[in-house]
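This is run-v5.pdb. It holds PDB, C-alpha atoms, pLDDT in the B column.
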```
ATOM      1  CA  MET A   1     -22.236 -33.741  79.538  1.00 80.00           C
ATOM      2  CA  ASN A   2     -22.932 -37.362  78.586  1.00 82.00           C
ATOM      3  CA  ASP A   3     -20.142 -39.887  79.167  1.00 87.00           C
ATOM      4  CA  THR A   4     -19.597 -43.074  77.153  1.00 89.00           C
ATOM      5  CA  VAL A   5     -22.110 -45.165  79.114  1.00 93.00           C
ATOM      6  CA  ASP A   6     -24.778 -42.461  78.687  1.00 91.00           C
ATOM      7  CA  LYS A   7     -24.153 -42.429  74.950  1.00 90.00           C
ATOM      8  CA  VAL A   8     -24.366 -46.219  74.681  1.00 91.00           C
ATOM      9  CA  VAL A   9     -27.701 -46.188  76.534  1.00 93.00           C
ATOM     10  CA  ILE A  10     -29.047 -43.410  74.281  1.00 93.00           C
ATOM     11  CA  PHE A  11     -27.815 -45.223  71.167  1.00 91.00           C
ATOM     12  CA  LEU A  12     -29.413 -48.534  72.157  1.00 90.00           C
ATOM     13  CA  ALA A  13     -32.682 -46.799  73.059  1.00 91.00           C
ATOM     14  CA  LYS A  14     -33.094 -45.914  69.386  1.00 90.00           C
ATOM     15  CA  ARG A  15     -34.658 -48.447  67.046  1.00 90.00           C
ATOM     16  CA  ASP A  16     -31.986 -47.711  64.425  1.00 90.00           C
ATOM     17  CA  GLY A  17     -29.299 -48.036  67.089  1.00 91.00           C
ATOM     18  CA  ILE A  18     -30.274 -51.523  68.216  1.00 93.00           C
ATOM     19  CA  ASP A  19     -30.826 -52.513  64.574  1.00 94.00           C
ATOM     20  CA  LYS A  20     -27.218 -51.584  63.725  1.00 94.00           C
ATOM     21  CA  LEU A  21     -25.931 -53.545  66.730  1.00 95.00           C
ATOM     22  CA  VAL A  22     -27.822 -56.693  65.718  1.00 96.00           C
ATOM     23  CA  LYS A  23     -26.799 -56.129  62.092  1.00 97.00           C
ATOM     24  CA  THR A  24     -23.176 -56.169  63.258  1.00 96.00           C
ATOM     25  CA  PHE A  25     -23.859 -59.520  64.982  1.00 97.00           C
ATOM     26  CA  GLN A  26     -25.500 -60.844  61.810  1.00 97.00           C
ATOM     27  CA  TYR A  27     -22.611 -60.114  59.469  1.00 97.00           C
ATOM     28  CA  VAL A  28     -19.797 -60.891  61.907  1.00 97.00           C
ATOM     29  CA  SER A  29     -21.376 -64.320  62.348  1.00 97.00           C
ATOM     30  CA  LYS A  30     -21.708 -64.698  58.556  1.00 97.00           C
ATOM     31  CA  LEU A  31     -17.978 -64.089  58.145  1.00 97.00           C
ATOM     32  CA  ALA A  32     -17.223 -66.400  61.097  1.00 97.00           C
ATOM     33  CA  HIS A  33     -19.304 -69.164  59.483  1.00 97.00           C
ATOM     34  CA  TRP A  34     -17.482 -68.755  56.160  1.00 97.00           C
ATOM     35  CA  TYR A  35     -14.055 -68.744  57.833  1.00 96.00           C
ATOM     36  CA  ALA A  36     -14.704 -71.808  60.024  1.00 96.00           C
ATOM     37  CA  GLU A  37     -16.825 -73.840  57.606  1.00 95.00           C
ATOM     38  CA  THR A  38     -14.022 -76.233  56.632  1.00 93.00           C
ATOM     39  CA  SER A  39     -11.730 -76.074  59.671  1.00 95.00           C
ATOM     40  CA  SER A  40     -14.342 -76.181  62.437  1.00 96.00           C
ATOM     41  CA  PRO A  41     -17.793 -77.348  61.246  1.00 95.00           C
ATOM     42  CA  GLU A  42     -19.277 -77.340  64.757  1.00 96.00           C
ATOM     43  CA  PHE A  43     -18.319 -73.710  65.367  1.00 97.00           C
ATOM     44  CA  ALA A  44     -19.451 -72.792  61.845  1.00 97.00           C
ATOM     45  CA  ASP A  45     -22.867 -74.297  62.576  1.00 97.00           C
ATOM     46  CA  ARG A  46     -23.170 -72.203  65.749  1.00 97.00           C
ATOM     47  CA  ALA A  47     -22.163 -69.083  63.831  1.00 97.00           C
ATOM     48  CA  LYS A  48     -24.794 -69.844  61.178  1.00 97.00           C
ATOM     49  CA  LYS A  49     -27.490 -70.159  63.842  1.00 97.00           C
ATOM     50  CA  TRP A  50     -26.398 -66.801  65.290  1.00 97.00           C
ATOM     51  CA  GLU A  51     -26.572 -65.240  61.819  1.00 97.00           C
ATOM     52  CA  VAL A  52     -30.068 -66.584  61.121  1.00 96.00           C
ATOM     53  CA  ALA A  53     -31.370 -65.584  64.562  1.00 96.00           C
ATOM     54  CA  SER A  54     -29.949 -62.074  64.178  1.00 96.00           C
ATOM     55  CA  GLY A  55     -31.508 -61.648  60.733  1.00 95.00           C
ATOM     56  CA  LEU A  56     -34.936 -62.782  61.924  1.00 95.00           C
ATOM     57  CA  SER A  57     -34.685 -60.608  65.035  1.00 95.00           C
ATOM     58  CA  ARG A  58     -33.997 -57.534  62.921  1.00 94.00           C
ATOM     59  CA  LYS A  59     -37.045 -58.224  60.755  1.00 94.00           C
ATOM     60  CA  ALA A  60     -39.313 -58.554  63.805  1.00 93.00           C
ATOM     61  CA  PHE A  61     -37.901 -55.409  65.361  1.00 90.00           C
ATOM     62  CA  ARG A  62     -38.545 -53.412  62.174  1.00 91.00           C
ATOM     63  CA  SER A  63     -42.302 -54.046  62.275  1.00 92.00           C
ATOM     64  CA  GLY A  64     -44.131 -50.938  61.069  1.00 92.00           C
ATOM     65  CA  ARG A  65     -40.901 -49.381  59.807  1.00 93.00           C
ATOM     66  CA  PHE A  66     -42.492 -48.722  56.383  1.00 93.00           C
ATOM     67  CA  LEU A  67     -44.513 -45.906  57.991  1.00 93.00           C
ATOM     68  CA  THR A  68     -41.298 -43.887  58.433  1.00 92.00           C
ATOM     69  CA  GLY A  69     -41.041 -43.286  54.693  1.00 92.00           C
ATOM     70  CA  PHE A  70     -44.724 -42.381  54.479  1.00 93.00           C
ATOM     71  CA  ASN A  71     -44.368 -39.902  57.321  1.00 93.00           C
ATOM     72  CA  ALA A  72     -41.249 -38.383  55.755  1.00 90.00           C
ATOM     73  CA  LEU A  73     -43.192 -37.678  52.560  1.00 91.00           C
ATOM     74  CA  ARG A  74     -46.124 -36.342  54.539  1.00 90.00           C
ATOM     75  CA  ARG A  75     -44.076 -34.014  56.720  1.00 88.00           C
ATOM     76  CA  ASN A  76     -41.113 -33.003  54.565  1.00 84.00           C
ATOM     77  CA  PRO A  77     -41.562 -33.837  50.864  1.00 84.00           C
ATOM     78  CA  GLY A  78     -38.662 -31.606  49.752  1.00 82.00           C
ATOM     79  CA  ALA A  79     -37.917 -27.947  49.121  1.00 84.00           C
ATOM     80  CA  THR A  80     -37.817 -28.154  45.304  1.00 90.00           C
ATOM     81  CA  VAL A  81     -39.503 -30.205  42.589  1.00 92.00           C
ATOM     82  CA  THR A  82     -36.287 -32.195  42.069  1.00 92.00           C
ATOM     83  CA  PHE A  83     -36.020 -33.137  45.727  1.00 92.00           C
ATOM     84  CA  ARG A  84     -39.739 -33.928  45.912  1.00 94.00           C
ATOM     85  CA  VAL A  85     -39.408 -36.386  43.039  1.00 95.00           C
ATOM     86  CA  LEU A  86     -36.298 -37.942  44.586  1.00 95.00           C
ATOM     87  CA  ALA A  87     -38.047 -38.126  47.973  1.00 94.00           C
ATOM     88  CA  VAL A  88     -41.079 -39.885  46.482  1.00 95.00           C
ATOM     89  CA  LEU A  89     -38.963 -42.433  44.601  1.00 95.00           C
ATOM     90  CA  SER A  90     -36.538 -43.146  47.452  1.00 95.00           C
ATOM     91  CA  ASN A  91     -39.128 -43.345  50.215  1.00 95.00           C
ATOM     92  CA  ALA A  92     -41.541 -45.351  48.063  1.00 96.00           C
ATOM     93  CA  GLY A  93     -38.784 -47.899  47.467  1.00 96.00           C
ATOM     94  CA  GLU A  94     -38.016 -48.040  51.176  1.00 95.00           C
ATOM     95  CA  MET A  95     -41.716 -48.467  52.005  1.00 96.00           C
ATOM     96  CA  VAL A  96     -41.983 -51.420  49.607  1.00 96.00           C
ATOM     97  CA  TYR A  97     -38.846 -52.905  51.167  1.00 96.00           C
ATOM     98  CA  PHE A  98     -40.042 -52.758  54.764  1.00 96.00           C
ATOM     99  CA  PHE A  99     -43.666 -53.665  53.947  1.00 96.00           C
ATOM    100  CA  PHE A 100     -42.855 -56.919  52.144  1.00 96.00           C
ATOM    101  CA  ASP A 101     -40.131 -57.649  54.697  1.00 96.00           C
ATOM    102  CA  HIS A 102     -42.964 -58.372  57.158  1.00 96.00           C
ATOM    103  CA  PHE A 103     -44.227 -61.212  54.960  1.00 96.00           C
ATOM    104  CA  LEU A 104     -40.700 -62.484  54.364  1.00 96.00           C
ATOM    105  CA  TRP A 105     -40.199 -62.733  58.131  1.00 96.00           C
ATOM    106  CA  LEU A 106     -43.542 -64.512  58.655  1.00 96.00           C
ATOM    107  CA  SER A 107     -42.813 -67.027  55.887  1.00 96.00           C
ATOM    108  CA  ARG A 108     -39.311 -67.755  57.221  1.00 93.00           C
ATOM    109  CA  ILE A 109     -40.530 -68.455  60.748  1.00 93.00           C
ATOM    110  CA  GLY A 110     -43.208 -70.789  59.370  1.00 93.00           C
ATOM    111  CA  PHE A 111     -46.329 -68.727  60.109  1.00 96.00           C
ATOM    112  CA  LEU A 112     -46.969 -68.269  56.377  1.00 95.00           C
ATOM    113  CA  ASP A 113     -46.243 -70.728  53.589  1.00 94.00           C
ATOM    114  CA  ALA A 114     -42.463 -71.092  53.248  1.00 93.00           C
ATOM    115  CA  LYS A 115     -42.874 -71.004  49.455  1.00 92.00           C
ATOM    116  CA  LEU A 116     -43.718 -67.298  49.724  1.00 94.00           C
ATOM    117  CA  ALA A 117     -40.267 -66.472  51.085  1.00 94.00           C
ATOM    118  CA  ARG A 118     -38.517 -66.268  47.713  1.00 93.00           C
ATOM    119  CA  ARG A 119     -41.176 -64.033  46.177  1.00 94.00           C
ATOM    120  CA  MET A 120     -41.348 -61.760  49.212  1.00 95.00           C
ATOM    121  CA  SER A 121     -37.554 -61.580  49.304  1.00 95.00           C
ATOM    122  CA  PHE A 122     -37.440 -60.461  45.663  1.00 96.00           C
ATOM    123  CA  LEU A 123     -40.125 -57.785  46.104  1.00 95.00           C
ATOM    124  CA  SER A 124     -38.537 -56.507  49.304  1.00 96.00           C
ATOM    125  CA  ALA A 125     -35.027 -56.413  47.791  1.00 96.00           C
ATOM    126  CA  PHE A 126     -36.281 -54.723  44.600  1.00 96.00           C
ATOM    127  CA  GLY A 127     -37.916 -51.931  46.590  1.00 96.00           C
ATOM    128  CA  GLU A 128     -34.804 -51.697  48.769  1.00 95.00           C
ATOM    129  CA  ALA A 129     -32.481 -51.339  45.764  1.00 96.00           C
ATOM    130  CA  LEU A 130     -34.729 -48.759  44.133  1.00 96.00           C
ATOM    131  CA  GLY A 131     -34.886 -46.704  47.303  1.00 96.00           C
ATOM    132  CA  TYR A 132     -31.138 -46.824  47.865  1.00 96.00           C
ATOM    133  CA  ILE A 133     -30.386 -45.631  44.331  1.00 97.00           C
ATOM    134  CA  PHE A 134     -32.500 -42.506  44.753  1.00 96.00           C
ATOM    135  CA  PHE A 135     -31.274 -41.875  48.318  1.00 96.00           C
ATOM    136  CA  ILE A 136     -27.717 -41.951  46.936  1.00 96.00           C
ATOM    137  CA  VAL A 137     -28.629 -39.540  44.122  1.00 96.00           C
ATOM    138  CA  SER A 138     -30.317 -37.199  46.611  1.00 95.00           C
ATOM    139  CA  ASP A 139     -27.306 -37.202  48.951  1.00 96.00           C
ATOM    140  CA  PHE A 140     -24.952 -36.621  46.012  1.00 96.00           C
ATOM    141  CA  VAL A 141     -26.944 -33.562  44.907  1.00 95.00           C
ATOM    142  CA  LEU A 142     -27.001 -32.176  48.457  1.00 95.00           C
ATOM    143  CA  ILE A 143     -23.249 -32.714  48.870  1.00 96.00           C
ATOM    144  CA  ARG A 144     -22.633 -30.924  45.562  1.00 95.00           C
ATOM    145  CA  ASN A 145     -24.842 -28.028  46.668  1.00 94.00           C
ATOM    146  CA  GLY A 146     -22.979 -27.873  49.988  1.00 94.00           C
ATOM    147  CA  ILE A 147     -19.601 -27.694  48.232  1.00 94.00           C
ATOM    148  CA  ARG A 148     -20.868 -24.842  46.048  1.00 93.00           C
ATOM    149  CA  GLU A 149     -22.198 -22.989  49.090  1.00 92.00           C
ATOM    150  CA  GLU A 150     -18.917 -23.460  50.945  1.00 90.00           C
ATOM    151  CA  ARG A 151     -16.989 -22.070  47.969  1.00 90.00           C
ATOM    152  CA  ARG A 152     -19.359 -19.110  47.781  1.00 88.00           C
ATOM    153  CA  ILE A 153     -18.852 -18.309  51.484  1.00 84.00           C
ATOM    154  CA  VAL A 154     -15.074 -18.612  51.202  1.00 82.00           C
ATOM    155  CA  GLY A 155     -15.015 -16.613  47.961  1.00 78.00           C
ATOM    156  CA  SER A 156     -17.153 -13.803  49.373  1.00 71.00           C
ATOM    157  CA  GLY A 157     -14.506 -13.149  52.035  1.00 60.00           C
ATOM    158  CA  LYS A 158     -11.625 -12.729  49.627  1.00 55.00           C
ATOM    159  CA  GLY A 159     -10.525  -9.204  48.866  1.00 51.00           C
ATOM    160  CA  GLU A 160     -12.055  -7.743  52.027  1.00 53.00           C
ATOM    161  CA  LEU A 161      -9.533  -6.019  54.258  1.00 46.00           C
ATOM    162  CA  GLU A 162     -11.706  -5.915  57.314  1.00 52.00           C
ATOM    163  CA  LYS A 163     -14.647  -7.934  58.502  1.00 55.00           C
ATOM    164  CA  GLU A 164     -16.685  -7.799  61.651  1.00 62.00           C
ATOM    165  CA  ASN A 165     -15.948 -10.544  64.151  1.00 62.00           C
ATOM    166  CA  ASN A 166     -19.603 -11.589  64.209  1.00 64.00           C
ATOM    167  CA  ASN A 167     -19.633 -12.095  60.449  1.00 73.00           C
ATOM    168  CA  ILE A 168     -16.428 -14.127  60.591  1.00 72.00           C
ATOM    169  CA  LYS A 169     -17.846 -16.371  63.327  1.00 77.00           C
ATOM    170  CA  LYS A 170     -21.107 -16.766  61.429  1.00 80.00           C
ATOM    171  CA  GLU A 171     -19.302 -17.770  58.231  1.00 81.00           C
ATOM    172  CA  ASN A 172     -17.054 -20.211  60.097  1.00 82.00           C
ATOM    173  CA  ASN A 173     -20.087 -21.787  61.763  1.00 87.00           C
ATOM    174  CA  ASN A 174     -21.847 -22.118  58.417  1.00 88.00           C
ATOM    175  CA  ILE A 175     -18.791 -23.775  56.862  1.00 90.00           C
ATOM    176  CA  LYS A 176     -18.532 -26.146  59.849  1.00 92.00           C
ATOM    177  CA  LYS A 177     -22.205 -27.139  59.494  1.00 93.00           C
ATOM    178  CA  ILE A 178     -21.758 -27.783  55.776  1.00 94.00           C
ATOM    179  CA  ARG A 179     -18.726 -30.007  56.408  1.00 94.00           C
ATOM    180  CA  VAL A 180     -20.428 -31.971  59.198  1.00 92.00           C
ATOM    181  CA  ASP A 181     -23.455 -32.503  56.973  1.00 94.00           C
ATOM    182  CA  ARG A 182     -21.143 -33.662  54.166  1.00 95.00           C
ATOM    183  CA  VAL A 183     -19.513 -36.297  56.378  1.00 93.00           C
ATOM    184  CA  LEU A 184     -22.902 -37.620  57.502  1.00 92.00           C
ATOM    185  CA  ARG A 185     -24.154 -37.787  53.923  1.00 94.00           C
ATOM    186  CA  LEU A 186     -20.992 -39.569  52.780  1.00 95.00           C
ATOM    187  CA  MET A 187     -21.562 -42.122  55.546  1.00 93.00           C
ATOM    188  CA  ALA A 188     -25.174 -42.499  54.391  1.00 94.00           C
ATOM    189  CA  MET A 189     -24.013 -43.025  50.815  1.00 95.00           C
ATOM    190  CA  ALA A 190     -21.498 -45.663  51.947  1.00 95.00           C
ATOM    191  CA  ALA A 191     -24.226 -47.489  53.873  1.00 95.00           C
ATOM    192  CA  ASN A 192     -26.679 -47.296  50.969  1.00 96.00           C
ATOM    193  CA  LEU A 193     -24.102 -48.539  48.457  1.00 96.00           C
ATOM    194  CA  ALA A 194     -23.236 -51.462  50.747  1.00 96.00           C
ATOM    195  CA  ASP A 195     -26.911 -52.309  51.237  1.00 96.00           C
ATOM    196  CA  LEU A 196     -27.451 -52.023  47.476  1.00 96.00           C
ATOM    197  CA  VAL A 197     -24.920 -54.832  46.991  1.00 96.00           C
ATOM    198  CA  ILE A 198     -26.873 -56.972  49.474  1.00 96.00           C
ATOM    199  CA  ALA A 199     -30.142 -56.178  47.680  1.00 96.00           C
ATOM    200  CA  VAL A 200     -28.664 -57.104  44.284  1.00 96.00           C
ATOM    201  CA  ALA A 201     -27.600 -60.442  45.780  1.00 95.00           C
ATOM    202  CA  ASP A 202     -31.309 -61.177  46.351  1.00 94.00           C
ATOM    203  CA  ILE A 203     -32.602 -59.739  43.072  1.00 94.00           C
ATOM    204  CA  GLU A 204     -30.026 -61.236  40.729  1.00 93.00           C
ATOM    205  CA  PRO A 205     -27.816 -63.793  42.513  1.00 92.00           C
ATOM    206  CA  ASN A 206     -24.236 -63.817  41.221  1.00 94.00           C
ATOM    207  CA  PRO A 207     -20.868 -65.160  42.447  1.00 94.00           C
ATOM    208  CA  PHE A 208     -19.542 -61.756  43.498  1.00 95.00           C
ATOM    209  CA  CYS A 209     -22.492 -60.231  45.376  1.00 95.00           C
ATOM    210  CA  ASN A 210     -23.536 -63.535  46.941  1.00 95.00           C
ATOM    211  CA  HIS A 211     -20.091 -64.469  48.228  1.00 96.00           C
ATOM    212  CA  ALA A 212     -19.977 -64.591  52.024  1.00 96.00           C
ATOM    213  CA  VAL A 213     -17.060 -62.141  52.161  1.00 97.00           C
ATOM    214  CA  THR A 214     -18.804 -59.598  49.905  1.00 97.00           C
ATOM    215  CA  LEU A 215     -22.029 -59.840  51.899  1.00 97.00           C
ATOM    216  CA  GLY A 216     -20.190 -59.796  55.229  1.00 97.00           C
ATOM    217  CA  ILE A 217     -18.088 -56.730  54.435  1.00 97.00           C
ATOM    218  CA  SER A 218     -21.063 -54.916  52.863  1.00 97.00           C
ATOM    219  CA  GLY A 219     -23.209 -55.629  55.919  1.00 96.00           C
ATOM    220  CA  LEU A 220     -20.530 -54.384  58.312  1.00 97.00           C
ATOM    221  CA  VAL A 221     -19.892 -51.219  56.270  1.00 96.00           C
ATOM    222  CA  SER A 222     -23.605 -50.468  56.398  1.00 96.00           C
ATOM    223  CA  ALA A 223     -23.856 -51.300  60.104  1.00 95.00           C
ATOM    224  CA  TRP A 224     -20.830 -49.253  61.140  1.00 93.00           C
ATOM    225  CA  ALA A 225     -21.876 -46.276  59.010  1.00 93.00           C
ATOM    226  CA  GLY A 226     -25.181 -46.471  60.870  1.00 90.00           C
ATOM    227  CA  TRP A 227     -23.302 -46.568  64.200  1.00 91.00           C
ATOM    228  CA  TYR A 228     -21.507 -43.361  63.219  1.00 89.00           C
ATOM    229  CA  ARG A 229     -24.642 -41.558  62.063  1.00 87.00           C
ATOM    230  CA  ASN A 230     -26.757 -42.566  65.062  1.00 88.00           C
ATOM    231  CA  TRP A 231     -24.107 -42.213  67.782  1.00 88.00           C
ATOM    232  CA  PRO A 232     -25.039 -39.380  70.201  1.00 87.00           C
ATOM    233  CA  SER A 233     -22.852 -36.283  69.870  1.00 78.00           C
TER     234      SER A 233
END
```

Could you render the structure from this file as structure tokens?
Amino acid sequence: MNDTVDKVVIFLAKRDGIDKLVKTFQYVSKLAHWYAETSSPEFADRAKKWEVASGLSRKAFRSGRFLTGFNALRRNPGATVTFRVLAVLSNAGEMVYFFFDHFLWLSRIGFLDAKLARRMSFLSAFGEALGYIFFIVSDFVLIRNGIREERRIVGSGKGELEKENNNIKKENNNIKKIRVDRVLRLMAMAANLADLVIAVADIEPNPFCNHAVTLGISGLVSAWAGWYRNWPS
């Protein structure tokens, strides 16, 4: 049985785990910079440097991440035509996001022309937003299907006077699996919605999405949802 330290080690050994930790640093420091900008400029400047370093670190650490979407389509494209279409659209968007994120990182550290940063940021954010929309739709459909299946299982037991213990245990286990899956998908939807706000801030800057508080809270919602989903059981 793993204790807390074991679980932390396992979590941080995952690429997604360390990404969520650094993402937490990035958006905590963004909020700290906003809060201290007028009252403590020196501290705000340090917080800004922490934010920028965290963001660049995440981009470097995600090198090659676009292959995950390609492999998902190659290995598990979906059980039905609907899910295959959703999988292609969502993973294609994610692949565009992570692929152009490489060039965004290289332009921001000065290896490529800094003028490319804005264009790469737009392309990356556009793919990101597109992917998140279809991931959200896919999770919504799966949650709806799970609710229907749970109702069917519960409904099939009504009116029966006696049932074998094995069947009861099997049905209870199935219901438990459906509910656990629902929680994980709701967390994924929360993370994707939060990241969609961040992507929109890059695609179409506006006072709401680009406000430090909106970005900070969205980033932390996404990061902490990722903590929950990736934390070892």

**Request:** Can you give me, as an MDAnalysis selection string, the residues this file yields under the PyMOL selection byres ((chain A and resi 214) around 12)?
**Result:** chainID A and resid 27 30:31 34 194:198 200:201 206:213 215:221

**Asked** Quick one: which residues end up in the PyMOL selection byres ((chain A and resi 91) around 8) for this structure, as JSON, numbers by chain?
**Response** {"A": [69, 70, 72, 73, 87, 88, 89, 90, 92, 93, 94, 95, 131]}

Once you have the residues from the selection above, write them out as a tab-separated table (two decimals), in the coordinates of the input, restricted to C-alpha atoms.
```
chain	number	residue	atom	x	y	z
A	69	GLY	CA	-41.04	-43.29	54.69
A	70	PHE	CA	-44.72	-42.38	54.48
A	72	ALA	CA	-41.25	-38.38	55.76
A	73	LEU	CA	-43.19	-37.68	52.56
A	87	ALA	CA	-38.05	-38.13	47.97
A	88	VAL	CA	-41.08	-39.88	46.48
A	89	LEU	CA	-38.96	-42.43	44.60
A	90	SER	CA	-36.54	-43.15	47.45
A	92	ALA	CA	-41.54	-45.35	48.06
A	93	GLY	CA	-38.78	-47.90	47.47
A	94	GLU	CA	-38.02	-48.04	51.18
A	95	MET	CA	-41.72	-48.47	52.00
A	131	GLY	CA	-34.89	-46.70	47.30
```

Quick one: apply the PyMOL selection byres ((chain A and resi 29) around 7) to the file and drop the selected residues here as a PDB file with C-alpha atoms, in the frame of the given file.
```
ATOM      1  CA  PHE A  25     -23.859 -59.520  64.982  1.00 97.00           C
ATOM      2  CA  GLN A  26     -25.500 -60.844  61.810  1.00 97.00           C
ATOM      3  CA  TYR A  27     -22.611 -60.114  59.469  1.00 97.00           C
ATOM      4  CA  VAL A  28     -19.797 -60.891  61.907  1.00 97.00           C
ATOM      5  CA  LYS A  30     -21.708 -64.698  58.556  1.00 97.00           C
ATOM      6  CA  LEU A  31     -17.978 -64.089  58.145  1.00 97.00           C
ATOM      7  CA  ALA A  32     -17.223 -66.400  61.097  1.00 97.00           C
ATOM      8  CA  HIS A  33     -19.304 -69.164  59.483  1.00 97.00           C
ATOM      9  CA  ALA A  47     -22.163 -69.083  63.831  1.00 97.00           C
ATOM     10  CA  LYS A  48     -24.794 -69.844  61.178  1.00 97.00           C
ATOM     11  CA  TRP A  50     -26.398 -66.801  65.290  1.00 97.00           C
ATOM     12  CA  GLU A  51     -26.572 -65.240  61.819  1.00 97.00           C
TER      13      GLU A  51
END
```

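Considering the residues A:Asp101, A:Gly226, A:Asp181, A:Glu150 and counting only C-alpha atoms, Leu116 in chain A has its shortest atom-to-atom contact with A:Asp101.
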
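You will find CA of Gly127 in chain A at 17.0 Å from CA of Met189 in chain A.
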
**Asked** Leaving out Phe140 in chain A and any residue of its chain fewer than 4 positions from it, which residues lie within 12 Å of it when counting only C-alpha atoms, given as a ChimeraX atom specification?
**Response** /A:83,86,133-136,144-147,181-190,192

Selection to disk with C-alpha atoms, as a compact mmCIF listing (two decimals), in the coordinates of the input:
```
# COMPACT_ATOMS: atom_id res chain seq x y z
CA PHE A 83 -36.02 -33.14 45.73
CA LEU A 86 -36.30 -37.94 44.59
CA ILE A 133 -30.39 -45.63 44.33
CA PHE A 134 -32.50 -42.51 44.75
CA PHE A 135 -31.27 -41.88 48.32
CA ILE A 136 -27.72 -41.95 46.94
CA ARG A 144 -22.63 -30.92 45.56
CA ASN A 145 -24.84 -28.03 46.67
CA GLY A 146 -22.98 -27.87 49.99
CA ILE A 147 -19.60 -27.69 48.23
CA ASP A 181 -23.46 -32.50 56.97
CA ARG A 182 -21.14 -33.66 54.17
CA VAL A 183 -19.51 -36.30 56.38
CA LEU A 184 -22.90 -37.62 57.50
CA ARG A 185 -24.15 -37.79 53.92
CA LEU A 186 -20.99 -39.57 52.78
CA MET A 187 -21.56 -42.12 55.55
CA ALA A 188 -25.17 -42.50 54.39
CA MET A 189 -24.01 -43.02 50.82
CA ALA A 190 -21.50 -45.66 51.95
CA ASN A 192 -26.68 -47.30 50.97
```

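Distances to Thr68 in chain A were evaluated for A:Arg15, A:Ser107, A:Val52, A:Arg119 using all atoms listed in the file, and the minimum falls at A:Arg15.
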
**Complete:** re CA of Asn174 in chain A and CA of Arg148 in chain A: distance 12.7 Å
